[in-house]
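Engineer: Take this structure, written in C-alpha cells, and hold onto it; I'll ask about it next.
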Amino acid sequence: ATALLDDPSNAYFALLSQYCIPLHSLQFTHNFLFKNPHKSFIEILSNEPNLFDRYTARGEHAMLPEIPFSSFRVGSQFFILTRRHARVVVRDILLWNKFRLPCVTEEPCYPEEHYFPTLLSMQDPNGCTGFTLTRVNWTGCWDGHPHLYTAPEVSPELILRLRESNSSSYVYLFARKFAPECLTPLMEIADDVILRE
C-alpha cells in the first residue's frame, strides 16, 4: 500500500525474500517486464495433488461461501504484480478474511501461497501469466524447503543454468535459495556474469 501511494510511477511490485538473487541486470529485468506491461507474473495452479487438503486446512467449510473449492489455487510465494493487481490486493478484505484464518490441520495453509493466486485467478485470470519468474530448485527436498545454495556452489555456470527456462515466452529473473555466505562469491562474478547479458 505504501509503495502504491508513495510513487504513482511504480508499475510493478515484486515479492522476493532475502535469500533471492537477481539473475540479470536491472536493465534486462526492466526491459523484460515492460515488454508485457499488463500482466502479473504469478504462478497459479489448480492441479496440485494436495490441493483439497490445503483448501480444508483452515476447516472443512471455512472458505465458503466466498471461495468454493473450484476457485481455490496455489502457487509460488514469489511473484511480480502489476499496479492494477497490487490495487486489487490492497483493496480486498473479503477473501483475505478467509485466508488469514489459522490452520486447524497438519496440512500447511500458507496465505502467501494460496491467497494471491486464488484472488487474482478469481478477479482477473487473463491478466496473469500463470508462472513465476523466480527459479527454485526442489531437487532432493522433502521438508518443504528448497535446495539451499552454499558458497562453494556459486559459479558462472550455476547462474547460466538458473537462467534457463522450458519456455520461450519467459526467463527467470531471480533465483532462490542462497545462503548469506554466498554474497562474496556472487559479488565476485556480478560484473562479468550476472550484470552482463
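Following the order of the C-alpha cells, chains are lettered A, B, ..., residues in each are numbered from 1, and ligands are numbered from 1.
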As a list in words, list the residues of stretch 4-45 of chain A assigned to strand (DSSP E or B) by DSSP on the backbone atoms of this structure.
Structural biologist: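 Filtering stretch 4-45 of chain A to strand (DSSP E or B) leaves Tyr12, Phe13, Ala14, Leu15, Cys20, Ile21, Pro22, Ser40, Phe41, Ile42, Glu43 and Leu45 of chain A.
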Engineer: Excluding stretch 90-103 of chain A and its own-chain neighbours fewer than 3 positions away, which residues fall within 8 Å of it when counting only C-alpha atoms? Please give them as a list of chain:residue names.
Structural biologist: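 The filter keeps A:Ala1, A:Ala57, A:Arg58, A:Gly59, A:Ala62, A:Met63, A:Glu66, A:Ile67, A:Ala86, A:Arg87, A:Glu106, A:Glu107, A:Pro108, A:Cys109, A:Pro111, A:His114, A:Tyr115, A:Leu119.
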Engineer: Any chance you can output those residues with all heavy atoms as a compact mmCIF listing (two decimals), in the first residue's frame?
Structural biologist:
# COMPACT_ATOMS: atom_id res chain seq x y z
N ALA A 1 0.83 -1.20 0.00
CA ALA A 1 0.00 0.00 0.00
C ALA A 1 0.87 1.25 0.00
O ALA A 1 0.59 2.21 -0.71
CB ALA A 1 -0.94 -0.02 1.21
N ALA A 57 -7.58 -26.96 5.16
CA ALA A 57 -6.66 -26.85 6.30
C ALA A 57 -7.13 -25.87 7.36
O ALA A 57 -6.74 -25.95 8.52
CB ALA A 57 -5.25 -26.46 5.81
N ARG A 58 -7.96 -24.93 6.99
CA ARG A 58 -8.50 -23.95 7.95
C ARG A 58 -9.85 -24.39 8.51
O ARG A 58 -10.46 -23.70 9.30
CB ARG A 58 -8.64 -22.58 7.29
CG ARG A 58 -7.31 -21.98 6.91
CD ARG A 58 -7.50 -20.74 6.04
NE ARG A 58 -6.22 -20.15 5.71
CZ ARG A 58 -5.48 -20.51 4.66
NH1 ARG A 58 -5.90 -21.47 3.86
NH2 ARG A 58 -4.33 -19.93 4.43
N GLY A 59 -10.31 -25.53 8.08
CA GLY A 59 -11.61 -26.08 8.45
C GLY A 59 -12.35 -26.50 7.21
O GLY A 59 -12.19 -25.90 6.13
N ALA A 62 -14.49 -23.58 6.01
CA ALA A 62 -14.01 -22.24 6.37
C ALA A 62 -13.95 -21.28 5.20
O ALA A 62 -14.13 -20.08 5.37
CB ALA A 62 -12.63 -22.34 7.02
N MET A 63 -13.71 -21.78 4.00
CA MET A 63 -13.56 -20.89 2.84
C MET A 63 -14.88 -20.51 2.19
O MET A 63 -14.94 -19.60 1.38
CB MET A 63 -12.66 -21.55 1.80
CG MET A 63 -11.30 -22.01 2.32
SD MET A 63 -10.36 -20.69 3.10
CE MET A 63 -9.59 -19.97 1.69
N GLU A 66 -17.51 -17.69 0.00
CA GLU A 66 -16.76 -16.81 -0.90
C GLU A 66 -15.82 -17.57 -1.84
O GLU A 66 -15.62 -17.16 -2.98
CB GLU A 66 -15.94 -15.79 -0.09
CG GLU A 66 -16.77 -14.76 0.64
CD GLU A 66 -17.30 -15.27 1.97
OE1 GLU A 66 -17.00 -16.42 2.36
OE2 GLU A 66 -18.00 -14.50 2.65
N ILE A 67 -15.23 -18.67 -1.34
CA ILE A 67 -14.23 -19.38 -2.15
C ILE A 67 -14.60 -20.85 -2.24
O ILE A 67 -14.25 -21.66 -1.37
CB ILE A 67 -12.82 -19.23 -1.54
CG1 ILE A 67 -12.51 -17.76 -1.29
CG2 ILE A 67 -11.78 -19.87 -2.46
CD1 ILE A 67 -11.38 -17.53 -0.34
N ALA A 86 -1.84 -4.99 -7.75
CA ALA A 86 -1.47 -4.57 -6.39
C ALA A 86 -2.64 -3.84 -5.74
O ALA A 86 -2.91 -4.02 -4.55
CB ALA A 86 -0.23 -3.69 -6.44
N ARG A 87 -3.35 -3.03 -6.53
CA ARG A 87 -4.54 -2.34 -6.00
C ARG A 87 -5.63 -3.34 -5.62
O ARG A 87 -6.30 -3.17 -4.61
CB ARG A 87 -5.10 -1.36 -7.04
CG ARG A 87 -4.42 -0.04 -7.04
CD ARG A 87 -5.28 0.99 -7.79
NE ARG A 87 -4.42 1.87 -8.54
CZ ARG A 87 -4.26 1.86 -9.85
NH1 ARG A 87 -4.93 1.04 -10.60
NH2 ARG A 87 -3.44 2.70 -10.43
N GLU A 106 -2.89 -30.55 10.03
CA GLU A 106 -1.44 -30.63 9.83
C GLU A 106 -1.00 -30.09 8.47
O GLU A 106 0.15 -29.77 8.27
CB GLU A 106 -0.97 -32.09 9.97
CG GLU A 106 -1.12 -32.65 11.37
CD GLU A 106 -0.25 -31.91 12.38
OE1 GLU A 106 0.92 -31.64 12.08
OE2 GLU A 106 -0.78 -31.59 13.47
N GLU A 107 -1.93 -30.02 7.54
CA GLU A 107 -1.60 -29.54 6.19
C GLU A 107 -1.27 -28.04 6.25
O GLU A 107 -1.97 -27.27 6.88
CB GLU A 107 -2.79 -29.76 5.25
CG GLU A 107 -2.51 -29.44 3.81
CD GLU A 107 -1.45 -30.32 3.18
OE1 GLU A 107 -1.39 -31.52 3.50
OE2 GLU A 107 -0.67 -29.81 2.36
N PRO A 108 -0.18 -27.63 5.61
CA PRO A 108 0.16 -26.21 5.64
C PRO A 108 -0.89 -25.36 4.93
O PRO A 108 -1.45 -25.78 3.92
CB PRO A 108 1.51 -26.14 4.92
CG PRO A 108 1.72 -27.44 4.28
CD PRO A 108 0.75 -28.43 4.84
N CYS A 109 -1.15 -24.20 5.49
CA CYS A 109 -2.07 -23.27 4.82
C CYS A 109 -1.42 -21.90 4.79
O CYS A 109 -1.81 -20.98 5.47
CB CYS A 109 -3.44 -23.25 5.50
SG CYS A 109 -3.47 -22.88 7.25
N PRO A 111 -0.77 -18.42 3.63
CA PRO A 111 -1.55 -17.44 2.87
C PRO A 111 -0.84 -16.95 1.61
O PRO A 111 -1.48 -16.76 0.58
CB PRO A 111 -1.75 -16.30 3.86
CG PRO A 111 -1.45 -16.84 5.19
CD PRO A 111 -0.55 -18.02 5.00
N HIS A 114 -1.46 -19.28 -1.25
CA HIS A 114 -2.85 -19.57 -1.61
C HIS A 114 -3.66 -18.31 -1.92
O HIS A 114 -4.41 -18.27 -2.88
CB HIS A 114 -3.55 -20.33 -0.48
CG HIS A 114 -2.85 -21.58 -0.08
ND1 HIS A 114 -2.78 -22.02 1.21
CD2 HIS A 114 -2.16 -22.48 -0.81
CE1 HIS A 114 -2.09 -23.15 1.26
NE2 HIS A 114 -1.70 -23.44 0.05
N TYR A 115 -3.51 -17.31 -1.08
CA TYR A 115 -4.34 -16.11 -1.20
C TYR A 115 -4.13 -15.38 -2.53
O TYR A 115 -5.09 -15.10 -3.26
CB TYR A 115 -4.06 -15.16 -0.03
CG TYR A 115 -4.67 -13.79 -0.19
CD1 TYR A 115 -6.05 -13.63 -0.16
CD2 TYR A 115 -3.87 -12.67 -0.39
CE1 TYR A 115 -6.62 -12.37 -0.30
CE2 TYR A 115 -4.44 -11.41 -0.53
CZ TYR A 115 -5.81 -11.27 -0.49
OH TYR A 115 -6.37 -10.03 -0.64
N LEU A 119 -7.04 -15.12 -5.29
CA LEU A 119 -7.64 -13.81 -5.51
C LEU A 119 -7.50 -13.36 -6.95
O LEU A 119 -8.49 -12.97 -7.60
CB LEU A 119 -7.00 -12.77 -4.57
CG LEU A 119 -7.43 -11.32 -4.79
CD1 LEU A 119 -8.89 -11.12 -4.43
CD2 LEU A 119 -6.53 -10.37 -3.99
Engineer: Considering only C-alpha atoms, tabulate each residue of stretch 119-141 of chain A that lies at most 6 Å from stretch 169-188 of chain A along with its nearest interatomic pair and the corresponding distance in Å to one decimal; arrange the rows by chain and ascending residue number and present them as a tab-separated table.
Structural biologist:
residue	atom	partner	partner_atom	distance
A:Leu133	CA	A:Tyr172	CA	4.6
A:Thr134	CA	A:Phe174	CA	4.6
A:Arg135	CA	A:Ala175	CA	4.5
A:Val136	CA	A:Arg176	CA	5.5
Engineer: Just give me the gap between atom CA of A:Ser25 and atom CA of A:Glu43 in Å, one decimal is fine.
Structural biologist: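 Answer for the atom CA of A:Ser25 to atom CA of A:Glu43 separation: 22.7 Å.
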Engineer: Which residues come within 12 Å of A:His85, counting only C-alpha atoms, excluding same-chain residues fewer than 5 positions away, as a PyMOL selection string?
Structural biologist: chain A and resi 1+4+11-14+37-42+79-80+90-92+116-117+119-128
Engineer: Keeping only N, CA and C atoms, write the selected residues as a PDB file, in the first residue's frame.
Structural biologist:
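Saved the output as part.pdb:
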ATOM      1  N   ALA A   1       0.835  -1.195   0.000  1.00  0.00           N
ATOM      2  CA  ALA A   1       0.000   0.000   0.000  1.00  0.00           C
ATOM      3  C   ALA A   1       0.874   1.252   0.000  1.00  0.00           C
ATOM      4  N   LEU A   4       2.314   1.842  -3.409  1.00  0.00           N
ATOM      5  CA  LEU A   4       1.288   2.353  -4.318  1.00  0.00           C
ATOM      6  C   LEU A   4       1.072   3.845  -4.126  1.00  0.00           C
ATOM      7  N   ALA A  11       5.238   0.711 -11.366  1.00  0.00           N
ATOM      8  CA  ALA A  11       4.389  -0.074 -12.257  1.00  0.00           C
ATOM      9  C   ALA A  11       4.313  -1.539 -11.856  1.00  0.00           C
ATOM     10  N   TYR A  12       5.352  -2.032 -11.202  1.00  0.00           N
ATOM     11  CA  TYR A  12       5.402  -3.429 -10.767  1.00  0.00           C
ATOM     12  C   TYR A  12       5.788  -3.506  -9.303  1.00  0.00           C
ATOM     13  N   PHE A  13       5.315  -4.569  -8.668  1.00  0.00           N
ATOM     14  CA  PHE A  13       5.578  -4.806  -7.252  1.00  0.00           C
ATOM     15  C   PHE A  13       6.041  -6.248  -7.106  1.00  0.00           C
ATOM     16  N   ALA A  14       7.302  -6.420  -6.712  1.00  0.00           N
ATOM     17  CA  ALA A  14       7.899  -7.750  -6.631  1.00  0.00           C
ATOM     18  C   ALA A  14       8.000  -8.196  -5.186  1.00  0.00           C
ATOM     19  N   PRO A  37       3.546  -5.162 -20.360  1.00  0.00           N
ATOM     20  CA  PRO A  37       3.273  -4.351 -19.179  1.00  0.00           C
ATOM     21  C   PRO A  37       1.914  -4.554 -18.514  1.00  0.00           C
ATOM     22  N   HIS A  38       1.081  -5.396 -19.037  1.00  0.00           N
ATOM     23  CA  HIS A  38      -0.247  -5.536 -18.451  1.00  0.00           C
ATOM     24  C   HIS A  38      -0.462  -6.887 -17.777  1.00  0.00           C
ATOM     25  N   LYS A  39       0.593  -7.650 -17.575  1.00  0.00           N
ATOM     26  CA  LYS A  39       0.470  -8.975 -16.971  1.00  0.00           C
ATOM     27  C   LYS A  39       1.221  -9.041 -15.649  1.00  0.00           C
ATOM     28  N   SER A  40       0.631  -9.763 -14.695  1.00  0.00           N
ATOM     29  CA  SER A  40       1.328 -10.084 -13.457  1.00  0.00           C
ATOM     30  C   SER A  40       1.973 -11.448 -13.625  1.00  0.00           C
ATOM     31  N   PHE A  41       3.172 -11.576 -13.083  1.00  0.00           N
ATOM     32  CA  PHE A  41       3.915 -12.829 -13.169  1.00  0.00           C
ATOM     33  C   PHE A  41       3.732 -13.566 -11.851  1.00  0.00           C
ATOM     34  N   ILE A  42       2.710 -14.407 -11.819  1.00  0.00           N
ATOM     35  CA  ILE A  42       2.369 -15.138 -10.605  1.00  0.00           C
ATOM     36  C   ILE A  42       1.950 -16.554 -10.990  1.00  0.00           C
ATOM     37  N   PHE A  79       6.407 -13.445  -6.507  1.00  0.00           N
ATOM     38  CA  PHE A  79       5.694 -13.012  -7.698  1.00  0.00           C
ATOM     39  C   PHE A  79       5.980 -11.545  -7.983  1.00  0.00           C
ATOM     40  N   ILE A  80       5.548 -11.110  -9.166  1.00  0.00           N
ATOM     41  CA  ILE A  80       5.642  -9.709  -9.570  1.00  0.00           C
ATOM     42  C   ILE A  80       4.255  -9.297 -10.051  1.00  0.00           C
ATOM     43  N   VAL A  90      -4.623  -4.799  -2.241  1.00  0.00           N
ATOM     44  CA  VAL A  90      -4.739  -3.847  -1.136  1.00  0.00           C
ATOM     45  C   VAL A  90      -6.199  -3.558  -0.796  1.00  0.00           C
ATOM     46  N   ARG A  91      -7.052  -3.545  -1.788  1.00  0.00           N
ATOM     47  CA  ARG A  91      -8.468  -3.234  -1.557  1.00  0.00           C
ATOM     48  C   ARG A  91      -9.269  -4.421  -1.009  1.00  0.00           C
ATOM     49  N   ASP A  92      -8.786  -5.626  -1.218  1.00  0.00           N
ATOM     50  CA  ASP A  92      -9.563  -6.797  -0.827  1.00  0.00           C
ATOM     51  C   ASP A  92      -9.612  -6.974   0.688  1.00  0.00           C
ATOM     52  N   PHE A 116      -2.890 -15.062  -2.846  1.00  0.00           N
ATOM     53  CA  PHE A 116      -2.618 -14.268  -4.049  1.00  0.00           C
ATOM     54  C   PHE A 116      -3.035 -14.999  -5.328  1.00  0.00           C
ATOM     55  N   PRO A 117      -2.667 -16.284  -5.504  1.00  0.00           N
ATOM     56  CA  PRO A 117      -3.117 -16.974  -6.719  1.00  0.00           C
ATOM     57  C   PRO A 117      -4.641 -17.103  -6.802  1.00  0.00           C
ATOM     58  N   LEU A 119      -7.037 -15.123  -5.291  1.00  0.00           N
ATOM     59  CA  LEU A 119      -7.643 -13.806  -5.505  1.00  0.00           C
ATOM     60  C   LEU A 119      -7.504 -13.363  -6.952  1.00  0.00           C
ATOM     61  N   LEU A 120      -6.287 -13.426  -7.486  1.00  0.00           N
ATOM     62  CA  LEU A 120      -6.065 -12.924  -8.846  1.00  0.00           C
ATOM     63  C   LEU A 120      -6.685 -13.832  -9.899  1.00  0.00           C
ATOM     64  N   SER A 121      -6.747 -15.122  -9.620  1.00  0.00           N
ATOM     65  CA  SER A 121      -7.416 -16.036 -10.545  1.00  0.00           C
ATOM     66  C   SER A 121      -8.914 -15.756 -10.584  1.00  0.00           C
ATOM     67  N   MET A 122      -9.482 -15.413  -9.440  1.00  0.00           N
ATOM     68  CA  MET A 122     -10.908 -15.098  -9.391  1.00  0.00           C
ATOM     69  C   MET A 122     -11.207 -13.720  -9.986  1.00  0.00           C
ATOM     70  N   GLN A 123     -10.316 -12.755  -9.789  1.00  0.00           N
ATOM     71  CA  GLN A 123     -10.560 -11.379 -10.220  1.00  0.00           C
ATOM     72  C   GLN A 123     -10.158 -11.112 -11.668  1.00  0.00           C
ATOM     73  N   ASP A 124      -9.034 -11.678 -12.104  1.00  0.00           N
ATOM     74  CA  ASP A 124      -8.518 -11.340 -13.433  1.00  0.00           C
ATOM     75  C   ASP A 124      -7.589 -12.435 -13.956  1.00  0.00           C
ATOM     76  N   PRO A 125      -8.124 -13.613 -14.245  1.00  0.00           N
ATOM     77  CA  PRO A 125      -7.249 -14.714 -14.676  1.00  0.00           C
ATOM     78  C   PRO A 125      -6.480 -14.425 -15.959  1.00  0.00           C
ATOM     79  N   ASN A 126      -7.060 -13.644 -16.858  1.00  0.00           N
ATOM     80  CA  ASN A 126      -6.376 -13.342 -18.119  1.00  0.00           C
ATOM     81  C   ASN A 126      -5.291 -12.287 -17.963  1.00  0.00           C
ATOM     82  N   GLY A 127      -5.261 -11.624 -16.817  1.00  0.00           N
ATOM     83  CA  GLY A 127      -4.243 -10.615 -16.568  1.00  0.00           C
ATOM     84  C   GLY A 127      -3.010 -11.172 -15.891  1.00  0.00           C
ATOM     85  N   CYS A 128      -2.973 -12.496 -15.721  1.00  0.00           N
ATOM     86  CA  CYS A 128      -1.849 -13.161 -15.053  1.00  0.00           C
ATOM     87  C   CYS A 128      -1.206 -14.158 -16.001  1.00  0.00           C
TER      88      CYS A 128
END
Engineer: Out of A:Asn50, A:Leu23, A:Gln77, A:Ile44, which residue has the shortest atom-to-atom distance to A:Arg196 when counting only C-alpha atoms?
Structural biologist: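 Comparing A:Asn50, A:Leu23, A:Gln77, A:Ile44 against A:Arg196, the winner is A:Leu23.
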Engineer: So the first atom is atom CA of A:Leu148 and the second is atom CA of A:Phe131; what is the distance between them in Å, to one decimal place?
Structural biologist: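 That distance, rounded to one decimal, is 21.7 Å.
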Engineer: Identify which of the residues A:Arg83, A:Asp191, A:Asn36, A:Pro49 lies closest to A:Pro8, counting only C-alpha atoms when measuring atom-to-atom distances.
Structural biologist: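 The closest residue to A:Pro8 is A:Arg83.
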Engineer: If you measure from atom CA of A:Thr150 to atom CA of A:Leu195, what distance in Å do you get, rounded to one decimal?
Structural biologist: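 Atom CA of A:Leu195 lies 20.5 Å from atom CA of A:Thr150.
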Engineer: Which one of A:Lys35, A:Thr56, A:Glu197, A:Asp7 sits closest to A:Val104 if you count only C-alpha atoms?
Structural biologist: A:Thr56
Engineer: Mind the document's chain letters and residue numbers, and return as a ChimeraX atom specification the residues of chain A that DSSP labels helix (DSSP H, G or I).
Structural biologist: /A:2-6,26-35,51-55,69-71,83-91,94-99,111-123,125-127,151-153,156-163,180-194
Engineer: Would you export the selected residues with C-alpha atoms as a PDB file, in the first residue's frame, please?
Structural biologist:
ATOM      1  CA  THR A   2       2.837   2.393   0.829  1.00  0.00           C
ATOM      2  CA  ALA A   3       4.567   1.723  -2.495  1.00  0.00           C
ATOM      3  CA  LEU A   4       1.288   2.353  -4.318  1.00  0.00           C
ATOM      4  CA  LEU A   5       0.707   5.662  -2.570  1.00  0.00           C
ATOM      5  CA  ASP A   6       4.264   6.996  -2.367  1.00  0.00           C
ATOM      6  CA  LEU A  26      18.346  -4.249 -13.734  1.00  0.00           C
ATOM      7  CA  GLN A  27      18.130  -3.013 -17.344  1.00  0.00           C
ATOM      8  CA  PHE A  28      17.391  -6.534 -18.634  1.00  0.00           C
ATOM      9  CA  THR A  29      14.773  -7.054 -15.911  1.00  0.00           C
ATOM     10  CA  HIS A  30      13.125  -3.706 -16.685  1.00  0.00           C
ATOM     11  CA  ASN A  31      13.055  -4.385 -20.423  1.00  0.00           C
ATOM     12  CA  PHE A  32      11.602  -7.865 -19.933  1.00  0.00           C
ATOM     13  CA  LEU A  33       8.799  -6.666 -17.645  1.00  0.00           C
ATOM     14  CA  PHE A  34       7.812  -3.784 -19.879  1.00  0.00           C
ATOM     15  CA  LYS A  35       7.615  -5.955 -23.000  1.00  0.00           C
ATOM     16  CA  LEU A  51      -4.924 -29.043  -3.169  1.00  0.00           C
ATOM     17  CA  PHE A  52      -8.070 -30.224  -1.363  1.00  0.00           C
ATOM     18  CA  ASP A  53      -6.140 -30.790   1.873  1.00  0.00           C
ATOM     19  CA  ARG A  54      -4.770 -27.266   1.656  1.00  0.00           C
ATOM     20  CA  TYR A  55      -8.258 -25.940   0.934  1.00  0.00           C
ATOM     21  CA  PHE A  69     -13.007 -25.423  -3.923  1.00  0.00           C
ATOM     22  CA  SER A  70     -13.254 -24.983  -7.708  1.00  0.00           C
ATOM     23  CA  SER A  71     -11.806 -21.455  -7.292  1.00  0.00           C
ATOM     24  CA  ARG A  83      -0.007  -1.854 -10.334  1.00  0.00           C
ATOM     25  CA  ARG A  84      -3.607  -2.806 -11.160  1.00  0.00           C
ATOM     26  CA  HIS A  85      -3.274  -6.138  -9.340  1.00  0.00           C
ATOM     27  CA  ALA A  86      -1.467  -4.573  -6.393  1.00  0.00           C
ATOM     28  CA  ARG A  87      -4.541  -2.338  -6.005  1.00  0.00           C
ATOM     29  CA  VAL A  88      -6.804  -5.421  -6.110  1.00  0.00           C
ATOM     30  CA  VAL A  89      -4.789  -6.990  -3.281  1.00  0.00           C
ATOM     31  CA  VAL A  90      -4.739  -3.847  -1.136  1.00  0.00           C
ATOM     32  CA  ARG A  91      -8.468  -3.234  -1.557  1.00  0.00           C
ATOM     33  CA  LEU A  94     -13.492 -10.331   1.841  1.00  0.00           C
ATOM     34  CA  LEU A  95     -11.125 -13.063   0.651  1.00  0.00           C
ATOM     35  CA  TRP A  96      -8.290 -12.006   2.951  1.00  0.00           C
ATOM     36  CA  ASN A  97     -10.545 -12.624   5.963  1.00  0.00           C
ATOM     37  CA  LYS A  98     -10.762 -16.266   4.881  1.00  0.00           C
ATOM     38  CA  PHE A  99      -7.046 -16.728   4.225  1.00  0.00           C
ATOM     39  CA  PRO A 111      -1.551 -17.444   2.867  1.00  0.00           C
ATOM     40  CA  GLU A 112       1.187 -16.231   0.523  1.00  0.00           C
ATOM     41  CA  GLU A 113       0.955 -19.469  -1.491  1.00  0.00           C
ATOM     42  CA  HIS A 114      -2.851 -19.566  -1.614  1.00  0.00           C
ATOM     43  CA  TYR A 115      -4.341 -16.111  -1.204  1.00  0.00           C
ATOM     44  CA  PHE A 116      -2.618 -14.268  -4.049  1.00  0.00           C
ATOM     45  CA  PRO A 117      -3.117 -16.974  -6.719  1.00  0.00           C
ATOM     46  CA  THR A 118      -6.752 -17.505  -5.666  1.00  0.00           C
ATOM     47  CA  LEU A 119      -7.643 -13.806  -5.505  1.00  0.00           C
ATOM     48  CA  LEU A 120      -6.065 -12.924  -8.846  1.00  0.00           C
ATOM     49  CA  SER A 121      -7.416 -16.036 -10.545  1.00  0.00           C
ATOM     50  CA  MET A 122     -10.908 -15.098  -9.391  1.00  0.00           C
ATOM     51  CA  GLN A 123     -10.560 -11.379 -10.220  1.00  0.00           C
ATOM     52  CA  PRO A 125      -7.249 -14.714 -14.676  1.00  0.00           C
ATOM     53  CA  ASN A 126      -6.376 -13.342 -18.119  1.00  0.00           C
ATOM     54  CA  GLY A 127      -4.243 -10.615 -16.568  1.00  0.00           C
ATOM     55  CA  ALA A 151      29.250 -20.545  -1.354  1.00  0.00           C
ATOM     56  CA  PRO A 152      31.153 -23.460  -2.978  1.00  0.00           C
ATOM     57  CA  GLU A 153      28.260 -23.945  -5.429  1.00  0.00           C
ATOM     58  CA  PRO A 156      29.171 -18.586 -13.599  1.00  0.00           C
ATOM     59  CA  GLU A 157      27.861 -21.968 -14.775  1.00  0.00           C
ATOM     60  CA  LEU A 158      25.302 -22.051 -11.960  1.00  0.00           C
ATOM     61  CA  ILE A 159      23.982 -18.593 -12.851  1.00  0.00           C
ATOM     62  CA  LEU A 160      23.654 -19.513 -16.534  1.00  0.00           C
ATOM     63  CA  ARG A 161      21.915 -22.785 -15.630  1.00  0.00           C
ATOM     64  CA  LEU A 162      19.463 -20.968 -13.324  1.00  0.00           C
ATOM     65  CA  ARG A 163      18.552 -18.553 -16.126  1.00  0.00           C
ATOM     66  CA  PRO A 180      24.201 -15.466   3.284  1.00  0.00           C
ATOM     67  CA  GLU A 181      27.736 -16.821   2.786  1.00  0.00           C
ATOM     68  CA  CYS A 182      27.099 -16.688  -0.984  1.00  0.00           C
ATOM     69  CA  LEU A 183      27.296 -12.897  -1.043  1.00  0.00           C
ATOM     70  CA  THR A 184      31.068 -12.692  -1.517  1.00  0.00           C
ATOM     71  CA  PRO A 185      31.340 -15.204  -4.394  1.00  0.00           C
ATOM     72  CA  LEU A 186      28.233 -13.695  -6.022  1.00  0.00           C
ATOM     73  CA  MET A 187      29.751 -10.220  -5.896  1.00  0.00           C
ATOM     74  CA  GLU A 188      32.956 -11.587  -7.423  1.00  0.00           C
ATOM     75  CA  ILE A 189      31.070 -12.746 -10.541  1.00  0.00           C
ATOM     76  CA  ALA A 190      28.427  -9.995 -10.621  1.00  0.00           C
ATOM     77  CA  ASP A 191      30.056  -7.696 -13.212  1.00  0.00           C
ATOM     78  CA  ASP A 192      31.190 -10.451 -15.562  1.00  0.00           C
ATOM     79  CA  VAL A 193      28.168 -12.788 -15.316  1.00  0.00           C
ATOM     80  CA  ILE A 194      25.057 -11.559 -13.507  1.00  0.00           C
TER      81      ILE A 194
END
